[in-house]
Amino acid sequence: MRTKITNIQLFDGTSSNLVETTILFDEKAIIGIGENVKDADADDVIDGKGLTCLPGLIDCHVHLTMDGNADPL
């Protein structure tokens with residue numbers, strides 16, 4: 001299933017400016033971003049007007065000294 005988000009503000013991490021763009025993706029990966037996917041077919045289309053996309057954020061938070069027990073202390 002391919003999903004397209006249109007009219008979304010994209011923060012690319014290299015510029016302080018947001019860019020309005022289109023993002024096309026499926027269950028496995030981002031297929032494309034920008035003008036090359038603007039007219040692409042998609043199973044679902046989401047209007048991202050007023051929303052911002054921040055790609056690449058990951059959770060790097062870990063407690064190596066805790067064992068996962070309900071009472072860590």
# chains A, B, ... in the order shown; residues from 1 in each chain; ligands from 1
>>> residues_around(residues="Glu35 (chain A)", least_positions_apart="3", cutoff="9 Å", atoms="only C-alpha atoms", output="list of chain:residue names")
A:Thr21, A:Thr22, A:Gly32, A:Lys38, A:Asp39
>>> write_last_selection(atoms="C-alpha atoms", output="compact mmCIF listing (two decimals), in the first residue's frame")
# COMPACT_ATOMS: atom_id res chain seq x y z
CA THR A 21 6.59 19.19 -0.45
CA THR A 22 5.01 15.79 -1.17
CA GLY A 32 10.34 9.62 -2.99
CA LYS A 38 3.71 14.87 -6.73
CA ASP A 39 1.62 13.18 -9.46
>>> residues_around(residues="Asp41 (chain A)", least_positions_apart="5", cutoff="12 Å", atoms="only C-alpha atoms", output="mmCIF file with N, CA and C atoms, in the first residue's frame")
data_model
loop_
_atom_site.group_PDB
_atom_site.id
_atom_site.type_symbol
_atom_site.label_atom_id
_atom_site.label_comp_id
_atom_site.auth_asym_id
_atom_site.auth_seq_id
_atom_site.Cartn_x
_atom_site.Cartn_y
_atom_site.Cartn_z
ATOM 1 N N MET A 1 0.827 -1.176 0.000
ATOM 2 C CA MET A 1 0.000 0.000 0.000
ATOM 3 C C MET A 1 0.877 1.247 0.000
ATOM 4 N N ARG A 2 0.641 2.110 -0.944
ATOM 5 C CA ARG A 2 1.414 3.352 -1.045
ATOM 6 C C ARG A 2 0.600 4.511 -0.473
ATOM 7 N N THR A 3 1.262 5.333 0.326
ATOM 8 C CA THR A 3 0.627 6.496 0.938
ATOM 9 C C THR A 3 1.367 7.745 0.498
ATOM 10 N N LYS A 4 0.607 8.786 0.194
ATOM 11 C CA LYS A 4 1.195 10.061 -0.217
ATOM 12 C C LYS A 4 0.718 11.148 0.742
ATOM 13 N N ILE A 5 1.649 11.943 1.248
ATOM 14 C CA ILE A 5 1.326 13.100 2.076
ATOM 15 C C ILE A 5 1.643 14.341 1.250
ATOM 16 N N ILE A 23 5.432 13.690 0.007
ATOM 17 C CA ILE A 23 6.197 12.513 0.397
ATOM 18 C C ILE A 23 5.394 11.271 0.022
ATOM 19 N N LEU A 24 6.037 10.320 -0.652
ATOM 20 C CA LEU A 24 5.400 9.062 -1.042
ATOM 21 C C LEU A 24 6.156 7.923 -0.370
ATOM 22 N N PHE A 25 5.412 7.026 0.309
ATOM 23 C CA PHE A 25 6.061 5.908 0.994
ATOM 24 C C PHE A 25 5.145 4.697 1.004
ATOM 25 N N ASP A 26 5.752 3.538 1.311
ATOM 26 C CA ASP A 26 4.978 2.312 1.500
ATOM 27 C C ASP A 26 5.333 1.726 2.858
ATOM 28 N N ILE A 31 9.534 6.181 -0.749
ATOM 29 C CA ILE A 31 9.737 5.972 -2.188
ATOM 30 C C ILE A 31 10.316 7.227 -2.834
ATOM 31 N N ASN A 36 9.061 14.858 -8.056
ATOM 32 C CA ASN A 36 9.031 13.588 -8.792
ATOM 33 C C ASN A 36 7.925 12.645 -8.322
#
>>> closest_residue(among="A:Ile46, A:Ala70, A:Leu64, A:Ile33", to="Leu10 (chain A)", atoms="only C-alpha atoms")
A:Ile33
>>> atom_distance(atom1="CA of Leu57 (chain A)", atom2="CA of Ile8 (chain A)")
17.0 Å
>>> atom_distance(atom1="CA of Asn17 (chain A)", atom2="CA of Gly48 (chain A)")
17.1 Å
>>> decode(residues="region 16-42 of chain A", atoms="N, CA and C atoms", output="PDB file, in the first residue's frame")
ATOM      1  N   SER A  16      17.566  26.127   7.571  1.00  0.00           N
ATOM      2  CA  SER A  16      16.658  26.607   8.610  1.00  0.00           C
ATOM      3  C   SER A  16      15.263  26.868   8.059  1.00  0.00           C
ATOM      4  N   ASN A  17      15.098  26.748   6.738  1.00  0.00           N
ATOM      5  CA  ASN A  17      13.806  26.979   6.098  1.00  0.00           C
ATOM      6  C   ASN A  17      13.041  25.673   5.925  1.00  0.00           C
ATOM      7  N   LEU A  18      11.726  25.740   6.146  1.00  0.00           N
ATOM      8  CA  LEU A  18      10.862  24.605   5.854  1.00  0.00           C
ATOM      9  C   LEU A  18      10.454  24.673   4.393  1.00  0.00           C
ATOM     10  N   VAL A  19      10.315  23.499   3.758  1.00  0.00           N
ATOM     11  CA  VAL A  19       9.943  23.429   2.350  1.00  0.00           C
ATOM     12  C   VAL A  19       8.631  22.674   2.238  1.00  0.00           C
ATOM     13  N   GLU A  20       7.650  23.253   1.539  1.00  0.00           N
ATOM     14  CA  GLU A  20       6.401  22.538   1.309  1.00  0.00           C
ATOM     15  C   GLU A  20       6.630  21.510   0.214  1.00  0.00           C
ATOM     16  N   THR A  21       6.267  20.262   0.481  1.00  0.00           N
ATOM     17  CA  THR A  21       6.587  19.187  -0.449  1.00  0.00           C
ATOM     18  C   THR A  21       5.569  18.057  -0.371  1.00  0.00           C
ATOM     19  N   THR A  22       5.819  17.012  -1.153  1.00  0.00           N
ATOM     20  CA  THR A  22       5.013  15.792  -1.167  1.00  0.00           C
ATOM     21  C   THR A  22       5.924  14.623  -0.827  1.00  0.00           C
ATOM     22  N   ILE A  23       5.432  13.690   0.007  1.00  0.00           N
ATOM     23  CA  ILE A  23       6.197  12.513   0.397  1.00  0.00           C
ATOM     24  C   ILE A  23       5.394  11.271   0.022  1.00  0.00           C
ATOM     25  N   LEU A  24       6.037  10.320  -0.652  1.00  0.00           N
ATOM     26  CA  LEU A  24       5.400   9.062  -1.042  1.00  0.00           C
ATOM     27  C   LEU A  24       6.156   7.923  -0.370  1.00  0.00           C
ATOM     28  N   PHE A  25       5.412   7.026   0.309  1.00  0.00           N
ATOM     29  CA  PHE A  25       6.061   5.908   0.994  1.00  0.00           C
ATOM     30  C   PHE A  25       5.145   4.697   1.004  1.00  0.00           C
ATOM     31  N   ASP A  26       5.752   3.538   1.311  1.00  0.00           N
ATOM     32  CA  ASP A  26       4.978   2.312   1.500  1.00  0.00           C
ATOM     33  C   ASP A  26       5.333   1.726   2.858  1.00  0.00           C
ATOM     34  N   GLU A  27       4.988   0.453   3.089  1.00  0.00           N
ATOM     35  CA  GLU A  27       5.232  -0.159   4.387  1.00  0.00           C
ATOM     36  C   GLU A  27       6.711  -0.327   4.711  1.00  0.00           C
ATOM     37  N   LYS A  28       7.566  -0.309   3.694  1.00  0.00           N
ATOM     38  CA  LYS A  28       8.978  -0.599   3.899  1.00  0.00           C
ATOM     39  C   LYS A  28       9.891   0.614   3.871  1.00  0.00           C
ATOM     40  N   ALA A  29       9.563   1.626   3.073  1.00  0.00           N
ATOM     41  CA  ALA A  29      10.503   2.725   2.899  1.00  0.00           C
ATOM     42  C   ALA A  29       9.848   3.945   2.269  1.00  0.00           C
ATOM     43  N   ILE A  30      10.572   5.055   2.315  1.00  0.00           N
ATOM     44  CA  ILE A  30      10.174   6.251   1.591  1.00  0.00           C
ATOM     45  C   ILE A  30      10.514   6.015   0.123  1.00  0.00           C
ATOM     46  N   ILE A  31       9.534   6.181  -0.749  1.00  0.00           N
ATOM     47  CA  ILE A  31       9.737   5.972  -2.188  1.00  0.00           C
ATOM     48  C   ILE A  31      10.316   7.227  -2.834  1.00  0.00           C
ATOM     49  N   GLY A  32       9.839   8.383  -2.416  1.00  0.00           N
ATOM     50  CA  GLY A  32      10.344   9.624  -2.985  1.00  0.00           C
ATOM     51  C   GLY A  32       9.777  10.835  -2.281  1.00  0.00           C
ATOM     52  N   ILE A  33      10.476  11.959  -2.474  1.00  0.00           N
ATOM     53  CA  ILE A  33      10.068  13.230  -1.887  1.00  0.00           C
ATOM     54  C   ILE A  33      10.210  14.308  -2.959  1.00  0.00           C
ATOM     55  N   GLY A  34       9.215  15.175  -3.060  1.00  0.00           N
ATOM     56  CA  GLY A  34       9.325  16.322  -3.945  1.00  0.00           C
ATOM     57  C   GLY A  34       8.510  16.210  -5.210  1.00  0.00           C
ATOM     58  N   GLU A  35       8.922  16.970  -6.197  1.00  0.00           N
ATOM     59  CA  GLU A  35       8.192  17.076  -7.464  1.00  0.00           C
ATOM     60  C   GLU A  35       8.069  15.748  -8.201  1.00  0.00           C
ATOM     61  N   ASN A  36       9.061  14.858  -8.056  1.00  0.00           N
ATOM     62  CA  ASN A  36       9.031  13.588  -8.792  1.00  0.00           C
ATOM     63  C   ASN A  36       7.925  12.645  -8.322  1.00  0.00           C
ATOM     64  N   VAL A  37       7.332  12.880  -7.150  1.00  0.00           N
ATOM     65  CA  VAL A  37       6.242  12.021  -6.671  1.00  0.00           C
ATOM     66  C   VAL A  37       4.919  12.772  -6.528  1.00  0.00           C
ATOM     67  N   LYS A  38       4.910  14.042  -6.895  1.00  0.00           N
ATOM     68  CA  LYS A  38       3.712  14.866  -6.732  1.00  0.00           C
ATOM     69  C   LYS A  38       2.506  14.272  -7.461  1.00  0.00           C
ATOM     70  N   ASP A  39       2.709  13.733  -8.665  1.00  0.00           N
ATOM     71  CA  ASP A  39       1.618  13.180  -9.465  1.00  0.00           C
ATOM     72  C   ASP A  39       1.567  11.653  -9.419  1.00  0.00           C
ATOM     73  N   ALA A  40       2.338  11.028  -8.543  1.00  0.00           N
ATOM     74  CA  ALA A  40       2.379   9.565  -8.458  1.00  0.00           C
ATOM     75  C   ALA A  40       1.077   9.021  -7.879  1.00  0.00           C
ATOM     76  N   ASP A  41       0.711   7.817  -8.303  1.00  0.00           N
ATOM     77  CA  ASP A  41      -0.477   7.149  -7.765  1.00  0.00           C
ATOM     78  C   ASP A  41      -0.207   6.654  -6.354  1.00  0.00           C
ATOM     79  N   ALA A  42      -1.235   6.731  -5.505  1.00  0.00           N
ATOM     80  CA  ALA A  42      -1.136   6.242  -4.131  1.00  0.00           C
ATOM     81  C   ALA A  42      -2.474   5.668  -3.709  1.00  0.00           C
TER      82      ALA A  42
END
